[in-house]
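Asker: So here's query38.csv (CSV, C-alpha atoms).
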chain,number,residue,atom,x,y,z
A,1124,MET,CA,-10.9,83.0,29.5
A,1125,SER,CA,-9.9,86.6,28.6
A,1126,ALA,CA,-12.0,88.7,26.4
A,1127,PRO,CA,-9.4,89.2,23.7
A,1128,VAL,CA,-8.9,85.4,23.3
A,1129,ALA,CA,-12.7,84.9,23.1
A,1130,GLU,CA,-12.9,87.6,20.5
A,1131,ARG,CA,-10.1,86.0,18.4
A,1132,GLN,CA,-11.9,82.7,18.5
A,1133,ARG,CA,-15.2,84.2,17.4
A,1134,SER,CA,-13.3,86.1,14.7
A,1135,ALA,CA,-12.0,82.8,13.4
A,1136,ALA,CA,-15.5,81.3,13.5
A,1137,ALA,CA,-16.8,84.2,11.5
A,1138,LEU,CA,-14.0,83.6,8.9
A,1139,LEU,CA,-14.9,80.0,8.6
A,1140,GLY,CA,-18.5,81.1,8.1
A,1141,ARG,CA,-17.5,83.4,5.3
A,1142,LEU,CA,-15.5,80.6,3.7
A,1143,ALA,CA,-18.6,78.3,3.9
A,1144,ARG,CA,-20.8,81.0,2.3
A,1145,ALA,CA,-18.2,81.5,-0.5
A,1146,ARG,CA,-18.2,77.8,-1.1
A,1147,GLU,CA,-22.0,77.8,-1.5
A,1148,LEU,CA,-21.8,80.8,-3.8
A,1149,GLY,CA,-19.3,79.0,-5.9
A,1150,LEU,CA,-21.8,76.1,-6.3
A,1151,VAL,CA,-24.5,78.6,-7.4
A,1152,VAL,CA,-22.1,80.1,-10.0
A,1153,ALA,CA,-21.2,76.6,-11.2
A,1154,LEU,CA,-24.9,75.8,-11.6
A,1155,PHE,CA,-25.5,79.0,-13.7
A,1156,LEU,CA,-22.6,78.2,-15.9
A,1157,LEU,CA,-23.7,74.6,-16.4
A,1158,PHE,CA,-27.2,75.7,-17.3
A,1159,GLY,CA,-26.0,78.4,-19.6
A,1160,ALA,CA,-23.5,76.2,-21.4
A,1161,THR,CA,-25.9,73.3,-21.9
A,1162,ALA,CA,-28.7,75.7,-23.0
A,1163,ILE,CA,-26.5,77.0,-25.7
A,1164,VAL,CA,-26.3,73.5,-27.2
A,1165,ASN,CA,-29.9,72.7,-26.5
A,1166,PRO,CA,-32.3,75.5,-25.4
A,1167,ARG,CA,-34.9,73.0,-24.2
A,1168,PHE,CA,-32.6,72.2,-21.3
A,1169,ILE,CA,-33.9,75.4,-19.5
A,1170,GLY,CA,-37.5,74.7,-20.4
A,1171,VAL,CA,-40.1,74.4,-17.7
A,1172,GLN,CA,-40.5,70.6,-18.0
A,1173,SER,CA,-36.7,70.1,-18.0
A,1174,LEU,CA,-36.3,72.2,-14.8
A,1175,LYS,CA,-39.1,70.3,-13.1
A,1176,ASP,CA,-37.5,67.0,-13.9
A,1177,ILE,CA,-34.2,68.2,-12.5
A,1178,LEU,CA,-35.9,69.3,-9.3
A,1179,LEU,CA,-37.7,66.0,-9.0
A,1180,ASN,CA,-34.5,64.1,-9.5
A,1181,THR,CA,-32.7,66.2,-6.9
A,1182,ALA,CA,-35.4,66.2,-4.2
A,1183,ILE,CA,-34.8,62.7,-2.7
A,1184,VAL,CA,-31.0,62.8,-3.0
A,1185,GLY,CA,-31.1,66.3,-1.5
A,1186,LEU,CA,-33.2,65.1,1.4
A,1187,LEU,CA,-30.8,62.2,2.1
A,1188,ALA,CA,-27.9,64.7,1.8
A,1189,VAL,CA,-29.5,66.8,4.5
A,1190,GLY,CA,-29.6,63.8,6.9
A,1191,GLN,CA,-26.1,62.7,5.9
A,1192,THR,CA,-24.8,66.2,6.8
A,1193,LEU,CA,-26.0,65.8,10.4
A,1194,VAL,CA,-23.6,62.9,10.9
A,1195,VAL,CA,-20.8,64.0,8.6
A,1196,VAL,CA,-20.3,67.3,10.6
A,1197,THR,CA,-19.7,65.1,13.7
A,1198,ARG,CA,-16.8,63.3,11.9
A,1199,ASN,CA,-18.9,60.2,11.2
A,1200,ILE,CA,-20.7,58.8,8.1
A,1201,ASP,CA,-23.9,56.8,7.4
A,1202,LEU,CA,-23.6,54.4,4.5
A,1203,SER,CA,-26.9,52.7,5.2
A,1204,VAL,CA,-29.2,55.5,4.0
A,1205,GLY,CA,-29.8,53.9,0.7
A,1206,SER,CA,-30.8,50.6,2.3
A,1207,VAL,CA,-33.0,52.4,4.8
A,1208,LEU,CA,-34.7,54.2,2.0
A,1209,GLY,CA,-35.3,51.0,0.1
A,1210,LEU,CA,-36.8,49.2,3.2
A,1211,SER,CA,-39.1,52.2,3.9
A,1212,ALA,CA,-40.2,52.4,0.3
A,1213,PHE,CA,-41.1,48.8,0.0
A,1214,VAL,CA,-43.0,48.7,3.4
A,1215,THR,CA,-44.9,51.8,2.2
A,1216,GLY,CA,-45.9,50.0,-0.9
A,1217,LEU,CA,-47.0,46.9,1.1
A,1218,LEU,CA,-49.1,49.1,3.4
A,1219,PHE,CA,-51.1,50.4,0.4
A,1220,ALA,CA,-51.2,47.1,-1.5
A,1221,ASP,CA,-52.2,44.8,1.4
A,1222,HIS,CA,-53.8,47.0,4.0
A,1223,ASP,CA,-55.1,50.1,2.1
A,1224,VAL,CA,-53.9,52.5,4.9
A,1225,PRO,CA,-54.4,56.3,4.8
A,1226,ILE,CA,-51.5,58.3,3.3
A,1227,VAL,CA,-50.7,59.9,6.7
A,1228,VAL,CA,-50.2,56.5,8.3
A,1229,ALA,CA,-47.8,55.5,5.5
A,1230,PHE,CA,-45.7,58.5,6.1
A,1231,ILE,CA,-45.7,57.9,9.9
A,1232,VAL,CA,-44.7,54.2,9.5
A,1233,GLY,CA,-42.1,55.0,6.9
A,1234,THR,CA,-40.5,57.6,9.1
A,1235,LEU,CA,-40.6,55.3,12.1
A,1236,ILE,CA,-38.9,52.5,10.1
A,1237,GLY,CA,-36.1,54.9,9.3
A,1238,ALA,CA,-35.9,56.1,12.9
A,1239,VAL,CA,-35.6,52.6,14.2
A,1240,CYS,CA,-32.7,51.9,11.7
A,1241,GLY,CA,-31.2,55.1,13.0
A,1242,VAL,CA,-31.5,53.9,16.6
A,1243,ILE,CA,-29.6,50.8,15.7
A,1244,ASN,CA,-26.8,52.8,14.1
A,1245,GLY,CA,-26.8,55.3,16.9
A,1246,VAL,CA,-26.5,52.7,19.7
A,1247,LEU,CA,-23.7,50.9,18.0
A,1248,VAL,CA,-21.8,54.1,17.3
A,1249,ALA,CA,-22.6,56.3,20.3
A,1250,VAL,CA,-23.0,53.7,23.0
A,1251,CYS,CA,-20.8,50.8,21.8
A,1252,ARG,CA,-18.3,53.2,20.3
A,1253,ILE,CA,-17.8,51.2,17.1
A,1254,PRO,CA,-16.5,53.3,14.2
A,1255,ALA,CA,-19.5,54.6,12.1
A,1256,LEU,CA,-17.9,53.4,8.9
A,1257,VAL,CA,-17.8,49.8,10.1
A,1258,VAL,CA,-21.3,50.0,11.7
A,1259,THR,CA,-23.1,51.5,8.8
A,1260,LEU,CA,-21.3,49.4,6.2
A,1261,GLY,CA,-22.6,46.4,8.1
A,1262,THR,CA,-26.2,47.7,8.6
A,1263,MET,CA,-26.3,48.7,4.9
A,1264,TYR,CA,-26.3,45.0,4.1
A,1265,VAL,CA,-28.4,44.0,7.1
A,1266,PHE,CA,-31.2,46.4,6.2
A,1267,ARG,CA,-31.0,45.5,2.5
A,1268,GLY,CA,-31.2,41.8,3.5
A,1269,ALA,CA,-34.3,42.5,5.6
A,1270,ASP,CA,-35.8,44.2,2.5
A,1271,TYR,CA,-35.2,41.2,0.4
A,1272,TRP,CA,-36.5,38.9,3.1
A,1273,LEU,CA,-39.7,40.9,3.4
A,1274,ALA,CA,-40.2,41.3,-0.4
A,1275,GLU,CA,-39.6,37.6,-1.3
A,1276,GLY,CA,-39.3,38.6,-4.9
A,1277,ARG,CA,-42.5,40.6,-4.9
A,1278,GLN,CA,-42.9,43.9,-6.6
A,1279,VAL,CA,-45.5,46.6,-5.7
A,1280,ASN,CA,-46.9,48.5,-8.6
A,1281,ALA,CA,-48.4,51.9,-9.0
A,1282,ALA,CA,-51.8,50.4,-9.5
A,1283,ASP,CA,-51.6,49.2,-5.9
A,1284,MET,CA,-51.2,52.7,-4.5
A,1285,PRO,CA,-53.7,55.5,-4.2
A,1286,SER,CA,-53.7,58.1,-6.9
A,1287,ALA,CA,-53.6,60.9,-4.3
A,1288,PHE,CA,-50.4,59.4,-3.0
A,1289,LEU,CA,-48.8,59.1,-6.4
A,1290,LYS,CA,-49.6,62.8,-7.1
A,1291,ILE,CA,-47.2,63.7,-4.3
A,1292,GLY,CA,-44.4,62.4,-6.6
A,1293,SER,CA,-45.7,63.9,-9.8
A,1294,GLY,CA,-48.1,66.7,-9.0
A,1295,SER,CA,-47.5,70.4,-8.7
A,1296,VAL,CA,-48.7,73.4,-6.6
A,1297,LEU,CA,-48.7,76.7,-8.5
A,1298,GLY,CA,-46.5,75.0,-11.1
A,1299,ILE,CA,-43.9,73.9,-8.5
A,1300,PRO,CA,-43.6,70.1,-8.0
A,1301,ILE,CA,-44.8,68.9,-4.6
A,1302,LEU,CA,-41.8,66.6,-4.0
A,1303,PRO,CA,-39.2,69.4,-4.1
A,1304,LEU,CA,-41.4,71.5,-1.9
A,1305,ILE,CA,-41.5,68.9,0.8
A,1306,ALA,CA,-37.7,68.5,0.6
A,1307,LEU,CA,-37.3,72.3,0.8
A,1308,VAL,CA,-39.4,72.5,3.9
A,1309,LEU,CA,-37.4,69.8,5.7
A,1310,LEU,CA,-34.2,71.5,4.4
A,1311,ALA,CA,-35.3,74.8,5.9
A,1312,ILE,CA,-36.1,73.2,9.3
A,1313,ALA,CA,-32.7,71.4,9.4
A,1314,ALA,CA,-30.9,74.5,8.4
A,1315,TRP,CA,-32.6,76.6,11.1
A,1316,GLY,CA,-31.9,73.9,13.7
A,1317,MET,CA,-28.2,73.6,12.8
A,1318,ARG,CA,-27.8,77.4,12.9
A,1319,ASN,CA,-29.9,78.4,15.9
A,1320,LEU,CA,-30.3,75.5,18.3
A,1321,ARG,CA,-27.5,74.8,20.7
A,1322,SER,CA,-27.7,71.1,20.0
A,1323,GLY,CA,-27.2,71.8,16.3
A,1324,ARG,CA,-24.1,74.0,16.9
A,1325,GLU,CA,-22.7,71.4,19.2
A,1326,LEU,CA,-22.6,68.9,16.3
A,1327,TYR,CA,-19.9,71.1,14.8
A,1328,ALA,CA,-17.9,71.2,18.0
A,1329,ILE,CA,-18.0,67.4,18.2
A,1330,GLY,CA,-16.8,67.1,14.7
A,1331,SER,CA,-14.0,69.6,15.2
A,1332,ASN,CA,-12.6,67.9,18.4
A,1333,PRO,CA,-14.6,65.3,20.2
A,1334,ASP,CA,-12.3,65.3,23.3
A,1335,ALA,CA,-12.5,69.1,23.7
A,1336,ALA,CA,-16.3,68.9,23.2
A,1337,ARG,CA,-16.5,66.4,26.1
A,1338,LEU,CA,-14.4,68.7,28.3
A,1339,ALA,CA,-16.8,71.6,27.4
A,1340,GLY,CA,-19.6,69.5,28.9
A,1341,ILE,CA,-21.2,68.6,25.6
A,1342,PRO,CA,-23.1,65.2,25.8
A,1343,VAL,CA,-21.2,63.8,22.8
A,1344,GLY,CA,-22.8,60.3,22.9
A,1345,ARG,CA,-26.3,61.7,23.2
A,1346,ARG,CA,-25.8,64.2,20.3
A,1347,LEU,CA,-24.3,61.4,18.1
A,1348,PHE,CA,-27.2,59.1,18.9
A,1349,VAL,CA,-29.8,61.8,18.0
A,1350,ALA,CA,-27.9,62.7,14.8
A,1351,PHE,CA,-28.1,59.1,13.6
A,1352,VAL,CA,-31.8,58.8,14.5
A,1353,LEU,CA,-32.7,62.0,12.6
A,1354,THR,CA,-30.7,60.8,9.6
A,1355,GLY,CA,-32.5,57.5,9.7
A,1356,ALA,CA,-35.9,59.3,10.0
A,1357,LEU,CA,-35.1,61.5,7.0
A,1358,SER,CA,-34.1,58.4,5.1
A,1359,GLY,CA,-37.5,56.8,6.0
A,1360,VAL,CA,-39.3,59.9,4.7
A,1361,ALA,CA,-37.2,59.7,1.6
A,1362,GLY,CA,-38.4,56.1,1.2
A,1363,VAL,CA,-42.0,57.1,1.3
A,1364,LEU,CA,-41.4,59.8,-1.3
A,1365,TRP,CA,-39.5,57.4,-3.5
A,1366,ALA,CA,-42.6,55.2,-3.6
A,1367,ALA,CA,-44.7,58.2,-4.5
A,1368,ARG,CA,-42.2,59.3,-7.2
A,1369,TYR,CA,-41.7,56.0,-9.0
A,1370,GLY,CA,-44.8,54.0,-8.1
A,1371,THR,CA,-43.1,50.6,-8.8
A,1372,VAL,CA,-41.1,49.4,-5.8
A,1373,ASP,CA,-39.1,46.2,-5.1
A,1374,ALA,CA,-36.3,45.2,-2.9
A,1375,THR,CA,-33.6,46.7,-5.1
A,1376,ALA,CA,-34.9,50.3,-4.7
A,1377,ALA,CA,-32.1,52.9,-4.2
A,1378,THR,CA,-29.3,50.3,-4.3
A,1379,GLY,CA,-26.0,52.1,-4.3
A,1380,PHE,CA,-27.7,55.4,-3.6
A,1381,GLU,CA,-25.5,56.1,-0.6
A,1382,LEU,CA,-22.5,56.9,-2.9
A,1383,ASN,CA,-24.5,59.6,-4.6
A,1384,VAL,CA,-25.5,61.1,-1.2
A,1385,VAL,CA,-21.9,61.1,0.1
A,1386,ALA,CA,-20.7,62.7,-3.1
A,1387,ALA,CA,-23.4,65.4,-2.9
A,1388,VAL,CA,-22.5,66.2,0.7
A,1389,VAL,CA,-18.8,66.5,0.1
A,1390,VAL,CA,-19.2,68.5,-3.2
A,1391,GLY,CA,-21.6,70.7,-1.2
A,1392,GLY,CA,-18.8,71.8,1.1
A,1393,VAL,CA,-19.4,69.5,4.1
A,1394,ALA,CA,-15.9,68.6,5.3
A,1395,ILE,CA,-15.6,64.8,5.3
A,1396,PHE,CA,-13.4,65.0,8.5
A,1397,GLY,CA,-16.2,66.9,10.3
A,1398,GLY,CA,-16.6,70.3,11.9
A,1399,SER,CA,-17.8,72.4,9.0
A,1400,GLY,CA,-20.4,72.6,6.3
A,1401,THR,CA,-24.1,73.3,6.0
A,1402,VAL,CA,-27.2,71.4,4.9
A,1403,VAL,CA,-27.8,74.1,2.3
A,1404,GLY,CA,-24.5,73.4,0.8
A,1405,ALA,CA,-25.2,69.7,0.7
A,1406,ALA,CA,-28.5,70.3,-1.0
A,1407,LEU,CA,-26.7,72.5,-3.6
A,1408,GLY,CA,-24.2,69.7,-4.1
A,1409,ALA,CA,-27.1,67.3,-4.8
A,1410,LEU,CA,-28.6,69.8,-7.3
A,1411,LEU,CA,-25.3,70.3,-9.1
A,1412,LEU,CA,-24.7,66.5,-9.5
A,1413,SER,CA,-28.3,66.0,-10.6
A,1414,THR,CA,-28.0,68.8,-13.1
A,1415,ILE,CA,-24.7,67.4,-14.5
A,1416,GLY,CA,-26.4,64.0,-15.0
A,1417,SER,CA,-29.3,65.7,-16.9
A,1418,ALA,CA,-26.9,67.8,-18.9
A,1419,LEU,CA,-25.0,64.8,-20.0
A,1420,VAL,CA,-28.2,63.2,-21.3
A,1421,VAL,CA,-29.1,66.3,-23.3
A,1422,LEU,CA,-25.6,66.5,-24.7
A,1423,LYS,CA,-25.8,62.7,-25.6
A,1424,VAL,CA,-22.7,61.9,-23.5
A,1425,GLU,CA,-22.3,58.3,-22.4
A,1426,ALA,CA,-23.6,57.6,-18.8
A,1427,LEU,CA,-20.1,56.3,-17.8
A,1428,TRP,CA,-18.8,59.9,-17.9
A,1429,GLU,CA,-21.3,60.9,-15.2
A,1430,ARG,CA,-19.6,58.7,-12.7
A,1431,ALA,CA,-16.2,59.9,-13.8
A,1432,ILE,CA,-17.2,63.6,-13.4
A,1433,ASP,CA,-18.8,62.9,-10.0
A,1434,GLY,CA,-15.6,61.2,-8.8
A,1435,ALA,CA,-13.5,64.1,-10.1
A,1436,LEU,CA,-15.7,66.6,-8.3
A,1437,LEU,CA,-15.5,64.6,-5.1
A,1438,LEU,CA,-11.7,64.7,-5.3
A,1439,LEU,CA,-11.7,68.4,-6.1
A,1440,ALA,CA,-14.0,69.1,-3.1
A,1441,ILE,CA,-11.8,67.2,-0.7
A,1442,THR,CA,-8.7,69.1,-1.9
A,1443,LEU,CA,-10.6,72.4,-1.6
A,1444,ASP,CA,-11.6,71.5,1.9
A,1445,ARG,CA,-8.0,71.0,2.8
A,1446,VAL,CA,-6.9,74.3,1.2
A,1447,LEU,CA,-9.6,76.2,3.0
A,1448,ALA,CA,-8.8,74.6,6.3
A,1449,LEU,CA,-5.1,75.6,6.0
A,1450,ARG,CA,-6.2,79.1,5.0
A,1451,ALA,CA,-8.4,79.4,8.1
A,1452,GLU,CA,-5.6,78.1,10.3
A,1453,ARG,CA,-3.2,80.7,9.0
A,1454,ALA,CA,-5.8,83.4,9.5
A,1455,LEU,CA,-6.3,82.3,13.1
A,1456,ARG,CA,-2.6,82.4,13.8
A,1457,ALA,CA,-2.3,85.8,12.3
A,1458,SER,CA,-5.3,87.1,14.3
A,1459,ALA,CA,-3.8,85.7,17.5
A,1460,SER,CA,-0.4,87.3,16.8
A,1461,ARG,CA,-1.8,90.8,16.3
A,1462,GLY,CA,-4.9,90.6,18.6
A,1463,ALA,CA,-8.5,90.9,17.6
A,1464,THR,CA,-10.3,94.2,18.4
A,1465,THR,CA,-13.6,93.6,16.8
A,1466,LEU,CA,-16.3,91.0,17.1
A,1467,PRO,CA,-17.5,90.0,13.7
A,1468,THR,CA,-20.9,88.5,13.1
A,1469,GLY,CA,-21.6,85.6,10.7
A,1470,SER,CA,-22.5,82.0,10.4
A,1471,PRO,CA,-22.6,79.6,13.3
A,1472,PRO,CA,-19.1,78.5,14.5
A,1473,THR,CA,-17.6,75.7,12.5
A,1474,GLY,CA,-14.4,73.8,12.6
A,1475,ASP,CA,-12.0,74.2,15.5
A,1476,ALA,CA,-13.6,77.6,16.2
A,1477,ALA,CA,-16.8,75.9,17.0
A,1478,THR,CA,-15.2,73.8,19.7
A,1479,LYS,CA,-13.3,76.8,21.1
A,1480,SER,CA,-16.4,78.9,21.1
A,1481,THR,CA,-18.3,76.2,23.0
A,1482,VAL,CA,-15.5,75.8,25.5
A,1483,THR,CA,-15.5,79.5,26.0
A,1484,GLU,CA,-19.3,79.4,26.8
A,1485,GLY,CA,-18.7,76.5,29.2
A,1486,SER,CA,-16.0,78.4,31.0
A,1487,ALA,CA,-18.2,81.5,31.3
A,1488,ARG,CA,-20.9,79.4,32.9
Could you quickly redo this structure as structure tokens?

Answerer:
Amino acid sequence: MSAPVAERQRSAAALLGRLARARELGLVVALFLLFGATAIVNPRFIGVQSLKDILLNTAIVGLLAVGQTLVVVTRNIDLSVGSVLGLSAFVTGLLFADHDVPIVVAFIVGTLIGAVCGVINGVLVAVCRIPALVVTLGTMYVFRGADYWLAEGRQVNAADMPSAFLKIGSGSVLGIPILPLIALVLLAIAAWGMRNLRSGRELYAIGSNPDAARLAGIPVGRRLFVAFVLTGALSGVAGVLWAARYGTVDATAATGFELNVVAAVVVGGVAIFGGSGTVVGAALGALLLSTIGSALVVLKVEALWERAIDGALLLLAITLDRVLALRAERALRASASRGATTLPTGSPPTGDAATKSTVTEGSAR
């Protein structure tokens, strides 16, 4: 492939990267405006305890949003994350209540439960090639059913769990809650991997154009399988943290949570049709929705409006994704018509540019 064509493709990738950063900056601005407007009505909203509560409420949703991003950028979705979280949370409670296991063992078992659920989803989607929407809609009920079967109406209480474990959900380090710190570390690892690892960049190429990704030599099935396993594992970790956060766990834990996660991902700028978005944006989307919920409580607005606002933001985000995609497409055509002479640097390739860049690398090899 000629150098000018490769340069134009990389120029388009840089443009998409700038658009993604602009989307994330817009979320940050929206958060500042929301905090400021609510604080005018009730100054306690920006108090230390209020901010801690918002971070605690965001941590688990944000962690699930990070995992969901891994599959959404590949043009798939995982609707079973809430059920996986619930199953992992209840098993964690049982381990403490019935077997008095060390905390490390509880984290390992909870993560493995999530990973096994991810393996089931990954095999059905990547190997059997059943649409992810159908697969995860089914496993959402299967995993929840397994949770009910295991629980048999039982509830595990905070008194059955070690105090050291419960401190993970309520304690702080240097004034910063432990739970958001754990979520932040996992977010940083995922963000680094998506940006710097070849396997992470290839997820964008798959979401942009799966057929072109296969032609470029990308092991599409393997990448999809790993993405679902990692999403399941993160959901398992989130389940353990849920048990630490709330103490009381039963089979209904996190029921319907998957809708909050999908909304956070899309509002955070991850294109629902795949190919673009970042885990940082998804986490910011989770923080924005959580802050809106807290603000409505402070403003004494009925809880029904929170769902309405979340839905409106979801529709707005999808519309914005479409507008940005059309803008990037026009910019790419304009760049191709006049020829690119510079090689911009920026975020990892996303969208169609990710696939084209990967194809270029494959041709060069």

Asker: Taking into account only C-alpha atoms, which residue in the set A:Leu1150, A:Ala1281, A:Ile1243, A:Ile1415 is nearest to Val1390 of chain A?

Answerer: A:Leu1150

Asker: Tell me which of A:Asn1332, A:Thr1442, A:Thr1215, A:Asn1244 sits closest to Asp1283 of chain A, counting all atoms listed in the file.

Answerer: A:Thr1215

Asker: Calculate how many Å separate atom CA of Val1184 of chain A from atom CA of Asn1383 of chain A, rounding to one decimal.

Answerer: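 Atom CA of Asn1383 of chain A lies 7.4 Å from atom CA of Val1184 of chain A.
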
Asker: Taking into account only C-alpha atoms, which residue in the set A:Gln1278, A:Ser1293, A:Ser1460, A:Ser1286 is nearest to Thr1371 of chain A?

Answerer: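 When distances to Thr1371 of chain A are compared using only C-alpha atoms, the smallest one comes from A:Gln1278.
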
Asker: Check the smallest atom-to-atom distance from each of A:Leu1353, A:Ala1457, A:Val1151, A:Leu1309 to Gly1408 of chain A using only C-alpha atoms, then report the winner.

Answerer: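 Using only C-alpha atoms, Gly1408 of chain A sits closest to A:Val1151.
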
Asker: Residues at most 6 Å from segment 1393-1407 of chain A, counting only C-alpha atoms, excluding those fewer than 2 positions away in the same chain, as a VMD selection string?

Answerer: chain A and resid 1147 1185 1188 to 1189 1195 to 1198 1314 1327 1330 to 1331 1387 to 1389 1391 1409 to 1410 1473 to 1474

Asker: Residues within 9 Å of segment 1362-1367 of chain A, please, as a ChimeraX atom specification. Count all atoms listed in the file; anything in the same chain fewer than 5 positions from it doesn't count.

Answerer: /A:1183,1205,1207-1216,1229-1230,1233-1234,1237,1281,1284,1288-1293,1302,1357,1372,1376-1377

Asker: Can you tell me how far atom CA of Leu1307 of chain A sits from atom CA of Glu1381 of chain A, in Å to one decimal?

Answerer: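 Value for the atom CA of Leu1307 of chain A-atom CA of Glu1381 of chain A distance: 20.1 Å.
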
Asker: With distances taken over only C-alpha atoms, which residue among A:Val1228, A:Ile1236, A:Ala1182, A:Ala1255 lies nearest Val1308 of chain A?

Answerer: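 With only C-alpha atoms as the atom set, the closest residue is A:Ala1182.
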
Asker: So that I can check the surroundings of Gln1191 of chain A, please list as a JSON list (two decimals) with C-alpha atoms, in the coordinates of the input every protein, DNA and RNA residue that reaches within 8 Å of it, counting only C-alpha atoms and ignoring chain neighbours fewer than 5 positions away.

Answerer:
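Below is the file result-v2.json, written as the result:
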[["chain", "number", "residue", "atom", "x", "y", "z"],
["A", 1200, "ILE", "CA", -20.70, 58.80, 8.10],
["A", 1201, "ASP", "CA", -23.90, 56.80, 7.40],
["A", 1354, "THR", "CA", -30.70, 60.80, 9.60],
["A", 1384, "VAL", "CA", -25.50, 61.10, -1.20],
["A", 1385, "VAL", "CA", -21.90, 61.10, 0.10],
["A", 1388, "VAL", "CA", -22.50, 66.20, 0.70]]

Asker: Hey, can you check how far atom CA of Thr1259 of chain A sits from atom CA of Leu1273 of chain A?

Answerer: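 Calculated distance between atom CA of Thr1259 of chain A and atom CA of Leu1273 of chain A is 20.4 Å.
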
Asker: Go through A:Phe1351, A:Tyr1369, A:Tyr1264, A:Phe1168 and flag the residue nearest Asn1180 of chain A, using all atoms listed in the file for the distances.

Answerer: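 Closest candidate: A:Tyr1369.
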